[in-house]
2 protein chains.
Amino acid sequence: MTARPRGAPTKENFELAKVDVPEPGEGEVLVRNTHMSVDPYMRGRMNAGPSYAPPFEVGKALEGGAVGIVEQSRDANLPIGSRVLSSLGWRDYAVAPGKVFRKIDTALAAPSAYLGVLGMPGFTAWVGLFVIDDVKAGEVVLISSAAGAVGNVAGQLAKRRGARVIGATRSAESARMIDEKLHFDDTIVLREGEVLEQLRAAAPDGIDFYFENVGGELLEAALATLRPFGRISACGMIANYNNPVPGPRNLFLVTPKRLKIQGYIVSDHNKRFDDFVHDVAPAVASGEIVGLETLIEGLENAPDALLSLFAPGRHVGKLVVAII
Amino acid sequence: MTARPRGAPTKENFELAKVDVPEPGEGEVLVRNTHMSVDPYMRGRMNAGPSYAPPFEVGKALEGGAVGIVEQSRDANLPIGSRVLSSLGWRDYAVAPGKVFRKIDTALAAPSAYLGVLGMPGFTAWVGLFVIDDVKAGEVVLISSAAGAVGNVAGQLAKRRGARVIGATRSAESARMIDEKLHFDDTIVLREGEVLEQLRAAAPDGIDFYFENVGGELLEAALATLRPFGRISACGMIANYNNPVPGPRNLFLVTPKRLKIQGYIVSDHNKRFDDFVHDVAPAVASGEIVGLETLIEGLENAPDALLSLFAPGRHVGKLVVAII
């Protein structure tokens, strides 16, 4: 990152820098990244102000999830050739103590899955459904950004639990993709001014739970259709990251409907990560859960990929940059 | 009520009707009301649509809290002269089975207190602080409508628990009343465009809990100043009862701050009413907690009193119509 953005970031906020790669010291490893994660929360970390993760530093590489191969090792636990996950982000090579890497099992799932369905996005979905809330079989669940990195997993996890799942997405292409690959019970395509109408048609008796990822008109429609004692888990309102807009006009419904809105950040729950993997990895390995992803090739294309997150409908599933 | 209002109710929605008072049957009593409650939630019940209490019926007396004296009795548990509480509402006389009345102890507190600090409003405050949430000593607590029926008790209860209490109110007169009678730690007077600034001055390190009763600009300021893991108990957003307005522009903060917003309706918690009385009545009897109230005389003035609830600043504390 060369400078903090004002409003929406542009390509001028980024630069591809060549630096020398140091030799690994005692206990350290050299990892060549093969896949890097591109996530909406990175936008928040480009600002200087306090957010839920420390701001990125100007003049340094962006941090974030990355998967790679150990090429030099001075840590006996991580022999050369080990596949590892780190949060060291947007770089070809990383040298760091072995303990900051986590070994991954590429026999179970492809390396990129550890950035998506079995990584932070999948964990975010799982926490919102089953730690922050306790979504149950038979409930009606609305998933925002249903074709997105978190949403596609959230919908599949809720469905696996026995809920009736309605996915909301912004484009007909995404909706078709959801229908073909994810088999939700219903899908709505968000068209301005018609969102509530579509949701009412998809859930004539209302919804019990809303997995909130976008804010805006869908949140307003969710508040309108939530049944008494309904719940919202909010892991983000992407519509508001760059430009805050007025909130829902019907927020007052929280009282008569006794709604609960709970915001959360997945990293607060890291101690549950192994429980998540234990629960979800077998379903990924068996193909019961299919993590949607879009691969973009080349480190130099990572800034464009991040910017595209805020122009919805241009990719499906988890956005991953393959460096190979 | 003669007709359901469209938008804000007017005096034309009400009528003073004379009806014959029946003789009490077996197990029934005749009660002459001395005090009647006037509450914001009554506005919602004037609408036809589903709310958290059934709609009032056109052509019938409004229901609501009332305190009275038993004048005829065919229920051995309620001898003539007993002071009783009911929810039979806006009428001089009520005839009903004894079991729908609750005996009150006027040695402990004045009859009108059972409509306020020891009645539904006080119970609403207690539930929002200690059932929906668990406000603790040392926390910073913001109370909306701090001079109102619920807010004045909420602030006093939070203070008694050891919290630092900031009251928010709409007029300098109410603020002066709070300072003189309630001894909160700080009071802010809501002036458009300056709410956040004032709240930041009163709570430079932020707030932990917001007792939400109004919505609008104060809710937005509360979201901006809530500390991580802050909580909101919402028993109403009176600003939106007649005219829904856009919600807070910063609702997305629920995620980075991990905020919880929980709406509630006090009647869901009626089984805790005795716990509430047990906790609060001694403090009322001793004068440690002083329920603010405004008395208006005459059943015929009840509609004006209800309408005045939506023109803030015109009364303080619990609004009670004395029929005597």
# chains A, B, ... in the order shown; residues from 1 in each chain; ligands from 1
$ closest_atom_pairs --of "chain A" --to "chain B" --cutoff "6 Å" --atoms "only C-alpha atoms" --output "CSV"
residue,atom,partner,partner_atom,distance
A:Tyr52,CA,B:Pro256,CA,5.2
A:Ala234,CA,B:Thr255,CA,6.0
A:Cys235,CA,B:Thr255,CA,5.6
A:Gly236,CA,B:Thr255,CA,5.6
A:Met237,CA,B:Phe252,CA,5.5
A:Pro244,CA,B:Arg249,CA,5.8
A:Val245,CA,B:Arg249,CA,5.2
A:Pro246,CA,B:Arg249,CA,4.1
A:Gly247,CA,B:Gly247,CA,4.0
A:Pro248,CA,B:Gly247,CA,4.8
A:Arg249,CA,B:Pro246,CA,4.1
A:Phe252,CA,B:Met237,CA,5.5
A:Val254,CA,B:Gly263,CA,4.7
A:Thr255,CA,B:Gly263,CA,4.1
A:Pro256,CA,B:Tyr52,CA,5.2
A:Arg258,CA,B:Gly263,CA,4.4
A:Leu259,CA,B:Gly263,CA,5.3
A:Lys260,CA,B:Gln262,CA,4.4
A:Ile261,CA,B:Ile261,CA,5.0
A:Gln262,CA,B:Lys260,CA,4.4
A:Gly263,CA,B:Thr255,CA,4.1
A:Tyr264,CA,B:Arg258,CA,4.6
$ atom_distance --atom1 "atom CA of A:Asp274" --atom2 "atom CA of A:Gly116"
15.3 Å
$ closest_residue --among "B:Ala224, B:Leu199, B:Val95, B:Ile178" --to "B:Gly317" --atoms "only C-alpha atoms"
B:Ile178
$ residues_around --residues "stretch 138-144 of chain A" --least-positions-apart "6" --cutoff "9 Å" --atoms "only C-alpha atoms" --output "JSON, numbers by chain"
{"A": [151, 152, 154, 155, 158, 159, 161, 162, 163, 164, 165, 166, 167, 168, 169, 199, 203, 206, 207, 208, 209, 210, 211, 212, 213, 214, 215, 218, 219, 222]}
$ write_last_selection --atoms "N, CA and C atoms" --output "PDB file, in the first residue's frame"
ATOM      1  N   GLY A 151     -21.134 -16.099   2.350  1.00  0.00           N
ATOM      2  CA  GLY A 151     -22.539 -16.444   2.159  1.00  0.00           C
ATOM      3  C   GLY A 151     -22.759 -17.824   1.563  1.00  0.00           C
ATOM      4  N   ASN A 152     -21.939 -18.201   0.582  1.00  0.00           N
ATOM      5  CA  ASN A 152     -22.184 -19.498  -0.066  1.00  0.00           C
ATOM      6  C   ASN A 152     -21.976 -20.634   0.927  1.00  0.00           C
ATOM      7  N   ALA A 154     -22.283 -20.204   4.301  1.00  0.00           N
ATOM      8  CA  ALA A 154     -23.341 -20.053   5.317  1.00  0.00           C
ATOM      9  C   ALA A 154     -24.619 -20.761   4.862  1.00  0.00           C
ATOM     10  N   GLY A 155     -24.982 -20.553   3.618  1.00  0.00           N
ATOM     11  CA  GLY A 155     -26.200 -21.183   3.107  1.00  0.00           C
ATOM     12  C   GLY A 155     -26.094 -22.701   3.121  1.00  0.00           C
ATOM     13  N   ALA A 158     -26.275 -23.970   6.746  1.00  0.00           N
ATOM     14  CA  ALA A 158     -27.634 -23.889   7.296  1.00  0.00           C
ATOM     15  C   ALA A 158     -28.505 -24.998   6.701  1.00  0.00           C
ATOM     16  N   LYS A 159     -28.317 -25.232   5.412  1.00  0.00           N
ATOM     17  CA  LYS A 159     -29.084 -26.281   4.736  1.00  0.00           C
ATOM     18  C   LYS A 159     -28.737 -27.653   5.322  1.00  0.00           C
ATOM     19  N   ARG A 161     -27.823 -28.211   8.230  1.00  0.00           N
ATOM     20  CA  ARG A 161     -28.444 -28.288   9.554  1.00  0.00           C
ATOM     21  C   ARG A 161     -29.940 -28.591   9.470  1.00  0.00           C
ATOM     22  N   GLY A 162     -30.527 -28.429   8.275  1.00  0.00           N
ATOM     23  CA  GLY A 162     -31.948 -28.722   8.122  1.00  0.00           C
ATOM     24  C   GLY A 162     -32.830 -27.500   8.014  1.00  0.00           C
ATOM     25  N   ALA A 163     -32.217 -26.324   7.869  1.00  0.00           N
ATOM     26  CA  ALA A 163     -33.005 -25.104   7.717  1.00  0.00           C
ATOM     27  C   ALA A 163     -33.480 -24.973   6.271  1.00  0.00           C
ATOM     28  N   ARG A 164     -34.529 -24.164   6.084  1.00  0.00           N
ATOM     29  CA  ARG A 164     -34.933 -23.781   4.732  1.00  0.00           C
ATOM     30  C   ARG A 164     -34.145 -22.520   4.388  1.00  0.00           C
ATOM     31  N   VAL A 165     -33.389 -22.543   3.296  1.00  0.00           N
ATOM     32  CA  VAL A 165     -32.420 -21.486   3.009  1.00  0.00           C
ATOM     33  C   VAL A 165     -32.839 -20.674   1.780  1.00  0.00           C
ATOM     34  N   ILE A 166     -32.915 -19.352   1.982  1.00  0.00           N
ATOM     35  CA  ILE A 166     -33.154 -18.417   0.886  1.00  0.00           C
ATOM     36  C   ILE A 166     -31.883 -17.606   0.689  1.00  0.00           C
ATOM     37  N   GLY A 167     -31.318 -17.660  -0.500  1.00  0.00           N
ATOM     38  CA  GLY A 167     -30.116 -16.887  -0.792  1.00  0.00           C
ATOM     39  C   GLY A 167     -30.478 -15.611  -1.516  1.00  0.00           C
ATOM     40  N   ALA A 168     -29.820 -14.515  -1.153  1.00  0.00           N
ATOM     41  CA  ALA A 168     -30.034 -13.248  -1.851  1.00  0.00           C
ATOM     42  C   ALA A 168     -28.733 -12.858  -2.532  1.00  0.00           C
ATOM     43  N   THR A 169     -28.838 -12.448  -3.789  1.00  0.00           N
ATOM     44  CA  THR A 169     -27.641 -12.087  -4.539  1.00  0.00           C
ATOM     45  C   THR A 169     -27.990 -10.960  -5.509  1.00  0.00           C
ATOM     46  N   LEU A 199     -38.720 -11.007  -1.249  1.00  0.00           N
ATOM     47  CA  LEU A 199     -38.491 -11.775  -0.027  1.00  0.00           C
ATOM     48  C   LEU A 199     -39.816 -12.294   0.527  1.00  0.00           C
ATOM     49  N   ALA A 203     -40.622 -16.101   1.224  1.00  0.00           N
ATOM     50  CA  ALA A 203     -40.851 -16.490   2.618  1.00  0.00           C
ATOM     51  C   ALA A 203     -42.179 -15.907   3.089  1.00  0.00           C
ATOM     52  N   GLY A 206     -42.549 -15.489   6.702  1.00  0.00           N
ATOM     53  CA  GLY A 206     -41.478 -14.784   7.393  1.00  0.00           C
ATOM     54  C   GLY A 206     -40.231 -15.631   7.557  1.00  0.00           C
ATOM     55  N   ILE A 207     -39.199 -14.991   8.089  1.00  0.00           N
ATOM     56  CA  ILE A 207     -37.919 -15.674   8.296  1.00  0.00           C
ATOM     57  C   ILE A 207     -37.588 -15.681   9.789  1.00  0.00           C
ATOM     58  N   ASP A 208     -36.739 -16.606  10.178  1.00  0.00           N
ATOM     59  CA  ASP A 208     -36.340 -16.716  11.588  1.00  0.00           C
ATOM     60  C   ASP A 208     -34.965 -16.121  11.850  1.00  0.00           C
ATOM     61  N   PHE A 209     -34.132 -16.168  10.822  1.00  0.00           N
ATOM     62  CA  PHE A 209     -32.730 -15.781  11.009  1.00  0.00           C
ATOM     63  C   PHE A 209     -32.227 -15.134   9.742  1.00  0.00           C
ATOM     64  N   TYR A 210     -31.457 -14.066   9.924  1.00  0.00           N
ATOM     65  CA  TYR A 210     -30.868 -13.373   8.780  1.00  0.00           C
ATOM     66  C   TYR A 210     -29.357 -13.303   8.974  1.00  0.00           C
ATOM     67  N   PHE A 211     -28.661 -13.863   8.015  1.00  0.00           N
ATOM     68  CA  PHE A 211     -27.198 -13.796   8.030  1.00  0.00           C
ATOM     69  C   PHE A 211     -26.788 -12.526   7.292  1.00  0.00           C
ATOM     70  N   GLU A 212     -26.339 -11.524   8.027  1.00  0.00           N
ATOM     71  CA  GLU A 212     -26.196 -10.153   7.529  1.00  0.00           C
ATOM     72  C   GLU A 212     -24.772  -9.854   7.111  1.00  0.00           C
ATOM     73  N   ASN A 213     -24.666  -9.472   5.864  1.00  0.00           N
ATOM     74  CA  ASN A 213     -23.357  -9.240   5.275  1.00  0.00           C
ATOM     75  C   ASN A 213     -23.362  -8.006   4.405  1.00  0.00           C
ATOM     76  N   VAL A 214     -24.533  -7.375   4.196  1.00  0.00           N
ATOM     77  CA  VAL A 214     -24.598  -6.310   3.198  1.00  0.00           C
ATOM     78  C   VAL A 214     -25.226  -5.008   3.673  1.00  0.00           C
ATOM     79  N   GLY A 215     -26.142  -5.017   4.631  1.00  0.00           N
ATOM     80  CA  GLY A 215     -26.846  -3.791   4.993  1.00  0.00           C
ATOM     81  C   GLY A 215     -27.836  -3.382   3.919  1.00  0.00           C
ATOM     82  N   LEU A 218     -31.657  -4.838   1.723  1.00  0.00           N
ATOM     83  CA  LEU A 218     -31.931  -6.215   2.135  1.00  0.00           C
ATOM     84  C   LEU A 218     -32.107  -6.301   3.654  1.00  0.00           C
ATOM     85  N   LEU A 219     -31.308  -5.531   4.387  1.00  0.00           N
ATOM     86  CA  LEU A 219     -31.474  -5.494   5.844  1.00  0.00           C
ATOM     87  C   LEU A 219     -32.865  -4.977   6.204  1.00  0.00           C
ATOM     88  N   ALA A 222     -35.274  -7.666   5.541  1.00  0.00           N
ATOM     89  CA  ALA A 222     -35.148  -8.721   6.547  1.00  0.00           C
ATOM     90  C   ALA A 222     -35.867  -8.318   7.834  1.00  0.00           C
TER      91      ALA A 222
END
$ residues_around --residues "B:Ile80" --least-positions-apart "6" --cutoff "10 Å" --atoms "only C-alpha atoms" --output "PyMOL selection string"
chain B and resi 29-31+69-74
$ decode --residues "stretch 195-216 of chain A" --atoms "C-alpha atoms" --output "PDB file, in the first residue's frame"
ATOM      1  CA  VAL A 195     -36.411  -6.539  -2.555  1.00  0.00           C
ATOM      2  CA  LEU A 196     -39.125  -6.741   0.081  1.00  0.00           C
ATOM      3  CA  GLU A 197     -41.662  -7.997  -2.442  1.00  0.00           C
ATOM      4  CA  GLN A 198     -39.350 -10.792  -3.572  1.00  0.00           C
ATOM      5  CA  LEU A 199     -38.491 -11.775  -0.027  1.00  0.00           C
ATOM      6  CA  ARG A 200     -42.169 -11.891   0.922  1.00  0.00           C
ATOM      7  CA  ALA A 201     -42.808 -14.172  -2.045  1.00  0.00           C
ATOM      8  CA  ALA A 202     -39.926 -16.458  -1.074  1.00  0.00           C
ATOM      9  CA  ALA A 203     -40.851 -16.490   2.618  1.00  0.00           C
ATOM     10  CA  PRO A 204     -44.588 -15.852   2.904  1.00  0.00           C
ATOM     11  CA  ASP A 205     -44.577 -16.809   6.595  1.00  0.00           C
ATOM     12  CA  GLY A 206     -41.478 -14.784   7.393  1.00  0.00           C
ATOM     13  CA  ILE A 207     -37.919 -15.674   8.296  1.00  0.00           C
ATOM     14  CA  ASP A 208     -36.340 -16.716  11.588  1.00  0.00           C
ATOM     15  CA  PHE A 209     -32.730 -15.781  11.009  1.00  0.00           C
ATOM     16  CA  TYR A 210     -30.868 -13.373   8.780  1.00  0.00           C
ATOM     17  CA  PHE A 211     -27.198 -13.796   8.030  1.00  0.00           C
ATOM     18  CA  GLU A 212     -26.196 -10.153   7.529  1.00  0.00           C
ATOM     19  CA  ASN A 213     -23.357  -9.240   5.275  1.00  0.00           C
ATOM     20  CA  VAL A 214     -24.598  -6.310   3.198  1.00  0.00           C
ATOM     21  CA  GLY A 215     -26.846  -3.791   4.993  1.00  0.00           C
ATOM     22  CA  GLY A 216     -28.989  -1.510   2.848  1.00  0.00           C
TER      23      GLY A 216
END
